[in-house]
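Next comes input29.tsv, a file with TSV, C-alpha atoms.
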```tsv
chain	number	residue	atom	x	y	z
A	1211	MET	CA	0.00	0.00	0.00
A	1212	ARG	CA	1.42	3.36	-1.11
A	1213	ILE	CA	0.49	5.99	1.48
A	1214	MET	CA	0.54	9.74	1.09
A	1215	VAL	CA	-0.25	12.27	3.82
A	1216	GLN	CA	-1.81	15.57	2.73
A	1217	LYS	CA	-2.08	18.46	5.17
A	1218	PHE	CA	-4.40	21.38	4.47
A	1219	GLY	CA	-4.12	24.57	6.50
A	1220	GLY	CA	-6.84	26.93	7.61
A	1221	THR	CA	-6.81	29.14	4.52
A	1222	SER	CA	-7.07	26.04	2.32
A	1223	LEU	CA	-10.42	25.17	3.90
A	1224	SER	CA	-11.95	28.54	4.76
A	1225	THR	CA	-14.00	29.23	1.60
A	1226	VAL	CA	-16.09	27.28	-0.88
A	1227	GLN	CA	-13.60	28.06	-3.64
A	1228	ALA	CA	-10.63	26.94	-1.54
A	1229	ARG	CA	-12.32	23.68	-0.63
A	1230	GLU	CA	-12.91	22.99	-4.34
A	1231	HIS	CA	-9.14	23.17	-4.84
A	1232	VAL	CA	-8.68	20.72	-1.94
A	1233	LEU	CA	-11.07	18.25	-3.58
A	1234	ARG	CA	-9.08	18.49	-6.81
A	1235	HIS	CA	-5.81	17.65	-5.06
A	1236	VAL	CA	-7.40	14.71	-3.26
A	1237	LYS	CA	-8.92	13.26	-6.45
A	1238	ARG	CA	-5.62	13.59	-8.35
A	1239	GLU	CA	-3.69	11.52	-5.80
A	1240	LEU	CA	-6.44	8.90	-5.54
A	1241	GLU	CA	-6.42	8.53	-9.32
A	1242	ALA	CA	-2.66	7.95	-9.08
A	1243	GLY	CA	-3.36	4.92	-6.89
A	1244	LEU	CA	-2.27	6.36	-3.55
A	1245	SER	CA	-3.92	5.66	-0.20
A	1246	LEU	CA	-4.61	9.02	1.41
A	1247	VAL	CA	-4.48	10.33	4.95
A	1248	ILE	CA	-5.55	13.96	5.19
A	1249	VAL	CA	-4.60	16.14	8.16
A	1250	VAL	CA	-6.60	19.35	8.60
A	1251	SER	CA	-6.29	22.57	10.56
A	1252	ALA	CA	-9.12	24.71	11.88
A	1253	MET	CA	-10.74	26.80	9.14
A	1254	GLY	CA	-9.72	30.39	8.59
A	1255	ARG	CA	-8.03	33.02	10.71
A	1256	ARG	CA	-9.00	35.24	13.62
A	1257	GLY	CA	-12.50	36.64	13.11
A	1258	GLU	CA	-13.73	33.73	11.03
A	1259	PRO	CA	-16.20	31.54	12.96
A	1260	TYR	CA	-14.19	28.36	13.57
A	1261	ALA	CA	-10.60	29.62	13.62
A	1262	THR	CA	-8.39	28.78	16.61
A	1263	ASP	CA	-7.87	32.43	17.52
A	1264	THR	CA	-11.61	33.05	17.27
A	1265	LEU	CA	-12.23	30.26	19.78
A	1266	LEU	CA	-9.61	31.75	22.10
A	1267	ASP	CA	-11.28	35.17	21.80
A	1268	TRP	CA	-14.63	33.56	22.59
A	1269	ALA	CA	-13.23	32.08	25.80
A	1270	GLY	CA	-11.79	35.46	26.70
A	1271	GLN	CA	-15.13	37.18	26.21
A	1272	ASN	CA	-16.93	34.65	28.38
A	1273	GLY	CA	-15.24	34.72	31.75
A	1274	ASN	CA	-11.66	34.30	30.53
A	1275	ALA	CA	-11.22	31.66	33.24
A	1276	LEU	CA	-10.63	28.40	31.38
A	1277	SER	CA	-7.81	26.26	32.70
A	1278	ALA	CA	-5.20	25.07	30.20
A	1279	ARG	CA	-6.83	21.63	30.14
A	1280	GLU	CA	-10.31	22.96	29.37
A	1281	LYS	CA	-8.91	25.43	26.83
A	1282	ASP	CA	-7.39	22.54	24.88
A	1283	LEU	CA	-10.77	20.80	24.91
A	1284	LEU	CA	-12.33	23.91	23.36
A	1285	LEU	CA	-9.60	24.33	20.73
A	1286	CYS	CA	-9.98	20.75	19.49
A	1287	CYS	CA	-13.41	21.75	18.15
A	1288	GLY	CA	-11.95	23.79	15.27
A	1289	GLU	CA	-10.20	20.86	13.59
A	1290	ILE	CA	-13.20	18.58	14.14
A	1291	ILE	CA	-15.39	21.04	12.21
A	1292	SER	CA	-12.83	21.14	9.37
A	1293	ALA	CA	-12.53	17.36	9.23
A	1294	THR	CA	-16.25	16.65	9.17
A	1295	THR	CA	-16.83	19.38	6.58
A	1296	LEU	CA	-14.23	17.86	4.26
A	1297	SER	CA	-15.65	14.39	4.90
A	1298	SER	CA	-19.11	15.51	3.80
A	1299	LEU	CA	-17.74	17.07	0.61
A	1300	LEU	CA	-15.75	13.96	-0.31
A	1301	GLU	CA	-18.66	11.61	0.44
A	1302	HIS	CA	-20.80	13.77	-1.85
A	1303	GLU	CA	-18.23	13.05	-4.59
A	1304	GLY	CA	-18.53	9.31	-3.95
A	1305	ILE	CA	-15.26	9.05	-2.01
A	1306	PRO	CA	-15.62	7.02	1.21
A	1307	THR	CA	-14.04	8.66	4.26
A	1308	THR	CA	-13.46	8.11	7.95
A	1309	VAL	CA	-12.81	11.00	10.33
A	1310	LEU	CA	-10.53	10.38	13.31
A	1311	THR	CA	-9.57	12.80	16.06
A	1312	GLY	CA	-5.92	13.04	16.97
A	1313	ALA	CA	-6.59	10.69	19.87
A	1314	GLN	CA	-8.40	8.16	17.67
A	1315	ALA	CA	-5.57	8.33	15.13
A	1316	GLY	CA	-3.14	7.27	17.85
A	1317	PHE	CA	-1.40	10.47	18.96
A	1318	VAL	CA	-0.18	10.05	22.54
A	1319	THR	CA	1.21	13.19	24.17
A	1320	ASP	CA	2.46	14.49	27.48
A	1321	ASP	CA	0.16	16.66	29.60
A	1322	ASN	CA	1.72	20.03	28.78
A	1323	PHE	CA	-1.64	21.50	27.75
A	1324	GLY	CA	-1.38	24.13	25.03
A	1325	ASN	CA	2.04	22.96	23.83
A	1326	ALA	CA	2.06	19.18	24.23
A	1327	ARG	CA	4.86	17.00	22.90
A	1328	ILE	CA	4.14	13.83	20.97
A	1329	LEU	CA	5.32	10.76	22.88
A	1330	ASP	CA	4.11	8.13	20.43
A	1331	VAL	CA	1.91	7.63	17.38
A	1332	ARG	CA	-0.07	4.39	17.22
A	1333	PRO	CA	-1.94	4.55	13.90
A	1334	VAL	CA	-3.76	1.22	14.18
A	1335	ARG	CA	-7.20	2.62	13.28
A	1336	VAL	CA	-5.73	4.69	10.46
A	1337	LEU	CA	-4.24	1.59	8.84
A	1338	GLU	CA	-7.44	-0.39	9.34
A	1339	GLN	CA	-9.47	2.23	7.48
A	1340	LEU	CA	-6.90	2.56	4.70
A	1341	GLN	CA	-7.05	-1.20	4.19
A	1342	LEU	CA	-10.82	-0.81	3.65
A	1343	GLY	CA	-10.12	1.65	0.82
A	1344	ARG	CA	-11.25	4.73	2.71
A	1345	VAL	CA	-9.68	8.19	2.84
A	1346	VAL	CA	-8.80	8.90	6.46
A	1347	ILE	CA	-9.22	12.49	7.64
A	1348	VAL	CA	-7.36	13.28	10.86
A	1349	THR	CA	-7.76	16.36	13.02
A	1350	GLY	CA	-4.34	18.01	13.23
A	1351	PHE	CA	-2.89	19.97	16.14
A	1352	GLN	CA	-4.16	17.58	18.79
A	1353	GLY	CA	-3.62	14.36	20.69
A	1354	GLN	CA	-4.44	12.69	23.97
A	1355	THR	CA	-2.60	11.90	27.18
A	1356	GLU	CA	-2.33	8.37	28.50
A	1357	ASN	CA	-5.11	9.38	30.93
A	1358	GLY	CA	-7.44	10.31	28.08
A	1359	ASP	CA	-7.28	14.13	28.27
A	1360	PHE	CA	-7.33	16.04	24.97
A	1361	THR	CA	-4.21	18.11	24.27
A	1362	THR	CA	-3.07	20.56	21.60
A	1363	LEU	CA	0.42	20.72	20.13
A	1364	GLY	CA	0.97	24.48	19.99
A	1365	ARG	CA	1.36	26.77	17.00
A	1366	GLY	CA	2.18	24.87	13.83
A	1367	GLY	CA	0.83	21.72	15.43
A	1368	SER	CA	-1.00	20.50	12.35
A	1369	ASP	CA	2.26	20.45	10.39
A	1370	THR	CA	3.74	18.40	13.22
A	1371	SER	CA	0.74	16.04	13.18
A	1372	ALA	CA	1.18	15.49	9.44
A	1373	THR	CA	4.88	14.62	9.49
A	1374	ALA	CA	4.57	12.52	12.65
A	1375	LEU	CA	1.74	10.54	11.06
A	1376	GLY	CA	3.73	10.25	7.84
A	1377	ALA	CA	6.65	8.85	9.81
A	1378	ALA	CA	4.48	6.37	11.72
A	1379	LEU	CA	2.85	5.15	8.50
A	1380	ARG	CA	6.11	5.16	6.51
A	1381	ALA	CA	4.38	7.32	3.93
A	1382	GLU	CA	5.96	7.95	0.52
A	1383	MET	CA	5.44	11.69	0.88
A	1384	VAL	CA	3.92	14.34	3.11
A	1385	ASP	CA	2.41	17.23	1.17
A	1386	ILE	CA	1.90	20.43	3.17
A	1387	TYR	CA	-0.58	22.67	1.34
A	1388	THR	CA	-0.54	26.40	2.08
A	1389	ASP	CA	-1.54	29.66	0.44
A	1390	VAL	CA	1.94	30.23	-1.06
A	1391	ASN	CA	3.69	28.40	-3.88
A	1392	GLY	CA	6.30	26.57	-1.85
A	1393	ILE	CA	9.26	27.97	0.06
A	1394	LEU	CA	10.72	31.21	-1.25
A	1395	THR	CA	14.21	32.68	-0.98
A	1396	ALA	CA	12.83	35.53	1.15
A	1397	ASP	CA	9.56	37.07	2.28
A	1398	PRO	CA	7.96	38.25	-0.99
A	1399	ARG	CA	6.15	41.05	0.85
A	1400	ILE	CA	9.57	42.63	1.45
A	1401	VAL	CA	11.79	41.27	-1.29
A	1402	GLU	CA	9.81	41.59	-4.50
A	1403	ASP	CA	12.11	39.37	-6.57
A	1404	ALA	CA	12.11	36.47	-4.10
A	1405	ARG	CA	11.70	33.23	-6.01
A	1406	PRO	CA	10.36	29.77	-5.18
A	1407	LEU	CA	12.91	27.09	-4.34
A	1408	THR	CA	12.70	23.72	-6.07
A	1409	VAL	CA	14.43	21.80	-3.28
A	1410	VAL	CA	15.87	22.50	0.17
A	1411	SER	CA	17.50	20.32	2.80
A	1412	TYR	CA	15.88	19.53	6.14
A	1413	ALA	CA	18.59	21.52	7.92
A	1414	GLU	CA	18.09	24.57	5.71
A	1415	ILE	CA	14.32	24.74	6.15
A	1416	CYS	CA	14.64	24.09	9.89
A	1417	ASN	CA	16.91	27.10	10.15
A	1418	MET	CA	14.68	29.21	7.92
A	1419	ALA	CA	11.66	28.29	10.07
A	1420	HIS	CA	13.47	28.89	13.36
A	1421	HIS	CA	14.67	32.27	12.15
A	1422	GLY	CA	11.45	33.77	10.88
A	1423	ALA	CA	10.15	31.97	7.79
A	1424	LYS	CA	6.61	30.84	8.62
A	1425	VAL	CA	5.85	28.37	5.81
A	1426	ILE	CA	6.30	25.20	7.89
A	1427	HIS	CA	6.90	24.57	11.58
A	1428	PRO	CA	10.47	23.50	12.51
A	1429	ARG	CA	9.19	20.69	14.78
A	1430	ALA	CA	7.46	19.17	11.76
A	1431	VAL	CA	10.65	19.25	9.70
A	1432	GLU	CA	12.73	17.75	12.51
A	1433	ILE	CA	10.37	14.76	12.71
A	1434	ALA	CA	10.52	14.30	8.93
A	1435	MET	CA	14.31	14.52	8.99
A	1436	GLN	CA	14.65	11.93	11.75
A	1437	SER	CA	12.37	9.55	9.83
A	1438	GLN	CA	13.73	10.45	6.38
A	1439	ILE	CA	10.24	11.16	5.06
A	1440	PRO	CA	10.29	13.64	2.14
A	1441	VAL	CA	8.02	16.66	2.49
A	1442	ARG	CA	6.66	18.96	-0.20
A	1443	VAL	CA	5.39	22.46	0.55
A	1444	ARG	CA	2.78	23.25	-2.12
A	1445	SER	CA	0.11	25.78	-2.97
A	1446	THR	CA	-3.50	24.73	-2.53
A	1447	PHE	CA	-4.44	27.06	-5.36
A	1448	ALA	CA	-2.05	25.76	-8.04
A	1449	ASP	CA	-0.90	22.46	-9.53
A	1450	THR	CA	2.82	23.18	-9.26
A	1451	GLU	CA	5.14	20.78	-7.42
A	1452	GLY	CA	6.17	23.38	-4.85
A	1453	THR	CA	9.33	22.84	-2.79
A	1454	LEU	CA	10.72	19.42	-1.93
A	1455	VAL	CA	12.32	19.14	1.53
A	1456	THR	CA	14.76	16.24	1.70
A	1457	HIS	CA	18.36	15.21	2.37
A	1458	PRO	CA	21.05	16.94	0.27
A	1459	GLU	CA	21.73	13.66	-1.54
A	1460	GLY	CA	18.15	13.84	-2.80
A	1461	PHE	CA	18.81	17.11	-4.63
A	1462	GLN	CA	19.13	15.51	-8.05
A	1463	ASP	CA	16.42	17.03	-10.23
A	1464	VAL	CA	15.67	16.08	-13.84
A	1465	GLN	CA	15.12	19.70	-14.85
A	1466	THR	CA	17.70	21.64	-12.88
A	1467	GLY	CA	20.47	19.07	-12.36
A	1468	ILE	CA	22.50	19.12	-9.13
A	1469	VAL	CA	21.67	22.07	-6.90
A	1470	ASP	CA	24.97	23.79	-6.09
A	1471	ARG	CA	24.64	26.94	-4.00
A	1472	TYR	CA	26.10	28.53	-0.91
A	1473	VAL	CA	23.05	30.44	0.29
A	1474	THR	CA	19.45	29.23	0.09
A	1475	GLY	CA	17.45	32.05	1.63
A	1476	ILE	CA	17.22	35.09	3.86
A	1477	ALA	CA	14.93	35.15	6.91
A	1478	TYR	CA	14.23	37.63	9.66
A	1479	VAL	CA	12.76	38.13	13.10
A	1480	SER	CA	11.75	41.69	14.00
A	1481	ASN	CA	10.83	43.45	17.25
A	1482	VAL	CA	13.68	42.19	19.40
A	1483	THR	CA	15.73	43.95	22.08
A	1484	GLN	CA	19.46	43.59	22.54
A	1485	ILE	CA	20.52	43.29	26.18
A	1486	THR	CA	24.13	43.75	27.29
A	1487	VAL	CA	25.36	42.86	30.77
A	1488	ASP	CA	28.96	43.93	31.15
A	1489	VAL	CA	30.97	43.80	34.37
A	1490	PRO	CA	34.47	45.30	34.18
A	1491	GLY	CA	37.07	42.83	35.31
A	1492	GLY	CA	34.74	39.88	34.96
A	1493	ALA	CA	32.27	38.41	37.39
A	1494	ASP	CA	32.20	34.96	38.88
A	1495	ARG	CA	29.30	32.91	37.50
A	1496	LEU	CA	27.82	35.99	35.79
A	1497	GLN	CA	26.60	34.02	32.78
A	1498	LEU	CA	24.82	31.53	35.03
A	1499	LYS	CA	23.13	34.32	37.01
A	1500	VAL	CA	21.89	36.04	33.85
A	1501	PHE	CA	20.47	33.05	32.02
A	1502	LYS	CA	19.12	31.34	35.12
A	1503	THR	CA	17.23	34.55	35.91
A	1504	MET	CA	15.80	34.64	32.39
A	1505	ALA	CA	14.72	31.00	32.65
A	1506	GLU	CA	13.13	31.42	36.06
A	1507	ASN	CA	11.04	34.28	34.68
A	1508	SER	CA	10.04	32.40	31.49
A	1509	ILE	CA	11.85	34.86	29.21
A	1510	SER	CA	13.05	33.34	25.94
A	1511	VAL	CA	16.58	34.36	24.95
A	1512	ASP	CA	18.28	34.26	21.55
A	1513	PHE	CA	21.36	35.43	19.67
A	1514	ILE	CA	23.69	34.80	22.60
A	1515	ASN	CA	27.30	36.00	22.75
A	1516	VAL	CA	29.25	35.19	25.93
A	1517	THR	CA	32.61	36.70	26.92
A	1518	PRO	CA	34.64	36.41	30.14
A	1519	SER	CA	33.41	39.83	31.23
A	1520	GLY	CA	29.77	39.78	30.17
A	1521	VAL	CA	27.00	38.60	27.91
A	1522	VAL	CA	25.03	40.00	24.98
A	1523	TYR	CA	21.74	38.46	23.89
A	1524	THR	CA	18.29	39.32	22.60
A	1525	VAL	CA	14.73	38.99	23.88
A	1526	PHE	CA	11.46	39.92	22.26
A	1527	ASP	CA	10.54	43.59	22.68
A	1528	SER	CA	7.45	42.49	24.62
A	1529	ASP	CA	9.71	40.85	27.25
A	1530	SER	CA	12.38	43.53	27.42
A	1531	GLU	CA	10.98	45.60	30.30
A	1532	LYS	CA	10.55	42.50	32.45
A	1533	ALA	CA	14.02	41.24	31.54
A	1534	ILE	CA	15.68	44.52	32.55
A	1535	HIS	CA	13.73	44.65	35.80
A	1536	VAL	CA	14.63	41.14	36.98
A	1537	LEU	CA	18.29	41.66	36.12
A	1538	GLN	CA	18.34	44.86	38.15
A	1539	GLU	CA	16.73	43.03	41.04
A	1540	ILE	CA	19.73	40.70	41.28
A	1541	GLY	CA	22.17	43.62	41.31
A	1542	LEU	CA	23.16	43.77	37.63
A	1543	LYS	CA	23.22	46.86	35.44
A	1544	PRO	CA	21.97	45.81	32.01
A	1545	GLN	CA	21.94	48.05	28.97
A	1546	SER	CA	19.27	47.60	26.30
A	1547	LEU	CA	18.59	48.58	22.71
A	1548	SER	CA	15.00	47.97	21.62
A	1549	GLY	CA	13.56	47.95	18.11
A	1550	CYS	CA	16.09	45.60	16.54
A	1551	ALA	CA	15.77	42.82	13.95
A	1552	LYS	CA	17.69	39.60	13.43
A	1553	VAL	CA	18.49	38.91	9.78
A	1554	SER	CA	19.66	35.39	8.92
A	1555	VAL	CA	21.58	34.19	5.87
A	1556	ILE	CA	20.91	30.46	5.51
A	1557	GLY	CA	22.48	27.83	3.30
A	1558	GLY	CA	23.81	24.31	3.45
A	1559	GLY	CA	26.86	25.41	1.46
A	1560	ILE	CA	28.05	28.04	3.93
A	1561	ASN	CA	30.12	25.76	6.14
A	1562	GLY	CA	33.83	25.96	5.40
A	1563	VAL	CA	33.49	28.43	2.52
A	1564	PRO	CA	35.72	31.49	2.92
A	1565	GLY	CA	34.33	34.91	2.12
A	1566	ILE	CA	30.66	34.48	3.08
A	1567	MET	CA	30.91	36.72	6.15
A	1568	ALA	CA	32.99	39.23	4.21
A	1569	ARG	CA	30.27	39.40	1.57
A	1570	ILE	CA	27.60	39.98	4.21
A	1571	VAL	CA	29.61	42.76	5.85
A	1572	GLU	CA	30.40	44.35	2.49
A	1573	SER	CA	26.74	44.30	1.42
A	1574	LEU	CA	25.53	45.92	4.63
A	1575	THR	CA	28.40	48.42	4.76
A	1576	LEU	CA	27.67	49.59	1.22
A	1577	ALA	CA	24.02	50.02	2.26
A	1578	ASP	CA	25.20	52.04	5.30
A	1579	ILE	CA	23.69	49.53	7.72
A	1580	GLN	CA	25.31	49.08	11.12
A	1581	ILE	CA	25.85	45.49	12.35
A	1582	LEU	CA	25.09	45.42	16.09
A	1583	GLN	CA	25.96	41.77	16.68
A	1584	SER	CA	26.73	38.62	14.71
A	1585	ALA	CA	26.88	34.86	15.17
A	1586	ASP	CA	27.11	31.79	12.98
A	1587	SER	CA	26.57	28.04	12.76
A	1588	ASN	CA	27.23	25.41	10.09
A	1589	THR	CA	24.29	26.56	7.97
A	1590	THR	CA	23.41	30.06	9.20
A	1591	ILE	CA	25.00	33.46	9.77
A	1592	TRP	CA	22.96	35.94	11.81
A	1593	VAL	CA	23.36	39.69	12.06
A	1594	LEU	CA	21.47	42.05	14.33
A	1595	VAL	CA	20.48	45.40	12.84
A	1596	LYS	CA	18.18	48.24	13.79
A	1597	LYS	CA	14.61	47.56	12.77
A	1598	GLU	CA	14.51	50.59	10.49
A	1599	ASP	CA	17.38	48.99	8.52
A	1600	MET	CA	15.79	45.54	8.28
A	1601	VAL	CA	14.05	45.87	4.92
A	1602	GLN	CA	17.10	47.37	3.24
A	1603	ALA	CA	19.32	44.67	4.79
A	1604	LEU	CA	17.11	41.86	3.48
A	1605	ARG	CA	17.07	43.31	-0.01
A	1606	ALA	CA	20.81	44.00	-0.03
A	1607	LEU	CA	21.72	40.47	1.07
A	1608	HIS	CA	19.22	38.85	-1.30
A	1609	ALA	CA	20.77	40.76	-4.17
A	1610	SER	CA	24.36	40.18	-3.05
A	1611	PHE	CA	23.94	36.40	-3.05
A	1612	GLU	CA	22.00	36.56	-6.34
A	1613	LEU	CA	19.02	34.69	-4.93
A	1614	HIS	CA	16.74	36.27	-7.50
A	1615	LEU	CA	18.43	34.30	-10.31
```
Any chance you could give the structure as structure tokens?
Amino acid sequence: MRIMVQKFGGTSLSTVQAREHVLRHVKRELEAGLSLVIVVSAMGRRGEPYATDTLLDWAGQNGNALSAREKDLLLCCGEIISATTLSSLLEHEGIPTTVLTGAQAGFVTDDNFGNARILDVRPVRVLEQLQLGRVVIVTGFQGQTENGDFTTLGRGGSDTSATALGAALRAEMVDIYTDVNGILTADPRIVEDARPLTVVSYAEICNMAHHGAKVIHPRAVEIAMQSQIPVRVRSTFADTEGTLVTHPEGFQDVQTGIVDRYVTGIAYVSNVTQITVDVPGGADRLQLKVFKTMAENSISVDFINVTPSGVVYTVFDSDSEKAIHVLQEIGLKPQSLSGCAKVSVIGGGINGVPGIMARIVESLTLADIQILQSADSNTTIWVLVKKEDMVQALRALHASFELHL
């Protein structure tokens, strides 16, 4: 049995016209002889009746007193509405379906309500229904604890559901359908000549997702990478192949040949604050004091540079006031610069190649953009700039690495 997992996001299901496109994609794969498992998100976005954020707003307007457990129970309703709607449409077309909740599909999670982690996937009922020749529609974003409580997987959870189910079923492919035509070299709202990528590695898209690109959730890619399940990011509204996410050795393409590039894309995260804690002459266990204080106050830190005499790191602007306050409470004198943006240059070919950082610095210097901080890894180089310079920095780097070609 050849199994494919298709995941359709909220915008893919929110209108009559969008759902017609979904039906077309489903019929095409069935005609190709594939057994289909479809993972769905809640329909639409905030303001639309069944969207996740709309349900959260509803709870807020009616007492705003739901515990995390009961809130997860409420949020599971959005995907159930999507799944049963799609089931009705497919049955009308003569396509037999079975709808399963995340729990019924075998998703076992921990009890971290609102952001649960998948402990196991036991897709016994999914396989049973596939053997009967039915299309199985699974509610994404959700699972169940060993005690039977409903849980949700956090933002991007439906992507995670799809790749985890694909891994458990040893699917041939997981297709993630969105409202964009695959993964682009940059945000097209900022960089007008950003172009779709034919293929990217798991590591590259993980870094792009972690550093601002919102096409697919990094947890979903990590699961696919561990299981070596190929993923395609495709547009619901077109018949193009989109972007294939796979291992670098899978980059052979009949049309483009071997993909040979240093840089794959440019991503960004805006609205961050740079915090500097500097103690002349050094300070015993300073780094531990700083980061333990951040952790104890649930403040996420990023872009960390540590020296013998101090630390420099970033937090979200929304956390900056709290971060400064708690550091002052333990006797430190932090300095802060709000309104910054982290710009990331990402590519599997960066590692070991001389001149990449020089090119980044040259591009930004010629654009008169000050680099406030930098860091790098095997596949990513980050620079921190002022937010007002972010758009120009993205465009300059995109052009410098000729990503528009």
Margin query: With distances taken over only C-alpha atoms, which residue among A:Tyr1523, A:Tyr1412, A:Phe1611, A:Trp1592 lies nearest Gln1497 (chain A)?
Written below: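 Checking each candidate against Gln1497 (chain A), we get A:Tyr1523 as the closest.
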Note to self: Between CA of Thr1295 (chain A) and CA of Ile1213 (chain A), what distance in Å does the model show, to one decimal?
What the structure shows: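 These two atoms are separated by 22.5 Å.
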Margin query: Between A:Val1247, A:Val1521, A:Leu1394, A:Val1473, which residue has the minimum interatomic distance to Leu1337 (chain A), considering only C-alpha atoms?
Written below: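 Nearest candidate to Leu1337 (chain A) out of A:Val1247, A:Val1521, A:Leu1394, A:Val1473: A:Val1247.
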Find the residues around Ile1291 (chain A) up to 10 Å (all atoms listed in the file counted), leave out those fewer than 6 positions away in its own chain, and share them as an mmCIF file with C-alpha atoms, in the coordinates of the input.
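File produced: out-v8.cif:
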```
data_model
loop_
_atom_site.group_PDB
_atom_site.id
_atom_site.type_symbol
_atom_site.label_atom_id
_atom_site.label_comp_id
_atom_site.auth_asym_id
_atom_site.auth_seq_id
_atom_site.Cartn_x
_atom_site.Cartn_y
_atom_site.Cartn_z
ATOM 1 C CA VAL A 1250 -6.600 19.350 8.600
ATOM 2 C CA SER A 1251 -6.290 22.570 10.560
ATOM 3 C CA ALA A 1252 -9.120 24.710 11.880
ATOM 4 C CA MET A 1253 -10.740 26.800 9.140
ATOM 5 C CA TYR A 1260 -14.190 28.360 13.570
ATOM 6 C CA ALA A 1261 -10.600 29.620 13.620
ATOM 7 C CA SER A 1297 -15.650 14.390 4.900
ATOM 8 C CA THR A 1349 -7.760 16.360 13.020
#
```
Next item on the list: Could you check which of A:Ser1480, A:Thr1590, A:Thr1361, A:Gln1352 is closest to Lys1552 (chain A), using all atoms listed in the file?
Entry: A:Ser1480
Checklist line | Minimum-distance residue to Asn1391 (chain A), chosen among A:Gly1316, A:Gly1452, A:Pro1518, A:Gly1422 (using only C-alpha atoms) | finding: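 Ranking A:Gly1316, A:Gly1452, A:Pro1518, A:Gly1422 by distance to Asn1391 (chain A), first place goes to A:Gly1452.
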Next item on the list: Could you pull out every residue with an atom within 12 Å of (21.0, 42.0, 38.0), file coordinates, counting all atoms listed in the file, and send them as an MDAnalysis selection string?
Entry: chainID A and resid 1485:1489 1493 1496:1504 1520 1532:1545
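Checking A:Met1418, A:Met1383, A:Ile1514, A:Val1334 one by one against Leu1244 (chain A), counting all atoms listed in the file, you find the shortest gap at A:Met1383.
Between CA of Asp1449 (chain A) and CA of His1235 (chain A) the interatomic distance comes to 8.2 Å.
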Note to self: Calculated over only C-alpha atoms, which of the candidates A:Leu1607, A:Gln1484, A:Glu1598, A:Leu1576 has the smallest distance to Leu1547 (chain A)?
What the structure shows: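 When distances to Leu1547 (chain A) are compared using only C-alpha atoms, the smallest one comes from A:Gln1484.
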Next item on the list: Could you tell me how far CA of Ala1477 (chain A) lies from CA of Gly1562 (chain A), in Å and to one decimal?
Entry: 21.1 Å
Check: Near Ala1609 (chain A), within 10 Å and counting all atoms listed in the file, which residues show up once chain neighbours fewer than 6 positions away are dropped, as a list in words?
Finding: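 Counting only the stated atoms, we get Val1401, Asp1403, Ala1404, Ser1573, Ala1603 and Leu1615 of chain A.
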Next item on the list: Can you pull out every residue within 10 Å of region 1555-1558 of chain A, counting all atoms listed in the file, but drop anything in the same chain fewer than 5 positions away, and send it as an MDAnalysis selection string?
Entry: chainID A and resid 1395 1410:1418 1421 1458 1470:1478 1566:1567 1570 1586:1593 1604 1607:1608 1611
Note to self: Env of Thr1307 (chain A): 10 Å cut, atoms = all atoms listed in the file, seq-sep filter 6 positions within chain, self excluded. Answer as a ChimeraX atom specification.
What the structure shows: /A:1246-1247,1294,1296-1301,1339-1340,1343-1347
Margin query: Can you pull out the residues contacting Tyr1387 (chain A)? Cut-off 7 Å, using all atoms listed in the file, and skip same-chain residues under 6 positions away; I want them as a list in words.
Written below: Lys1217, Phe1218, Gly1219, Val1443, Arg1444, Ser1445 and Thr1446 of chain A
Using the file's own x, y and z axes, so that the box edges lie along x, y and z, what centre and edge lengths in Å (one decimal) does a box around every listed atom of region 1232-1236 of chain A get when 4 Å is added on each side? Give it as AutoDock Vina command-line options.
```
--center_x -8.4 --center_y 17.7 --center_z -4.4 --size_x 13.3 --size_y 14.0 --size_z 12.9
```
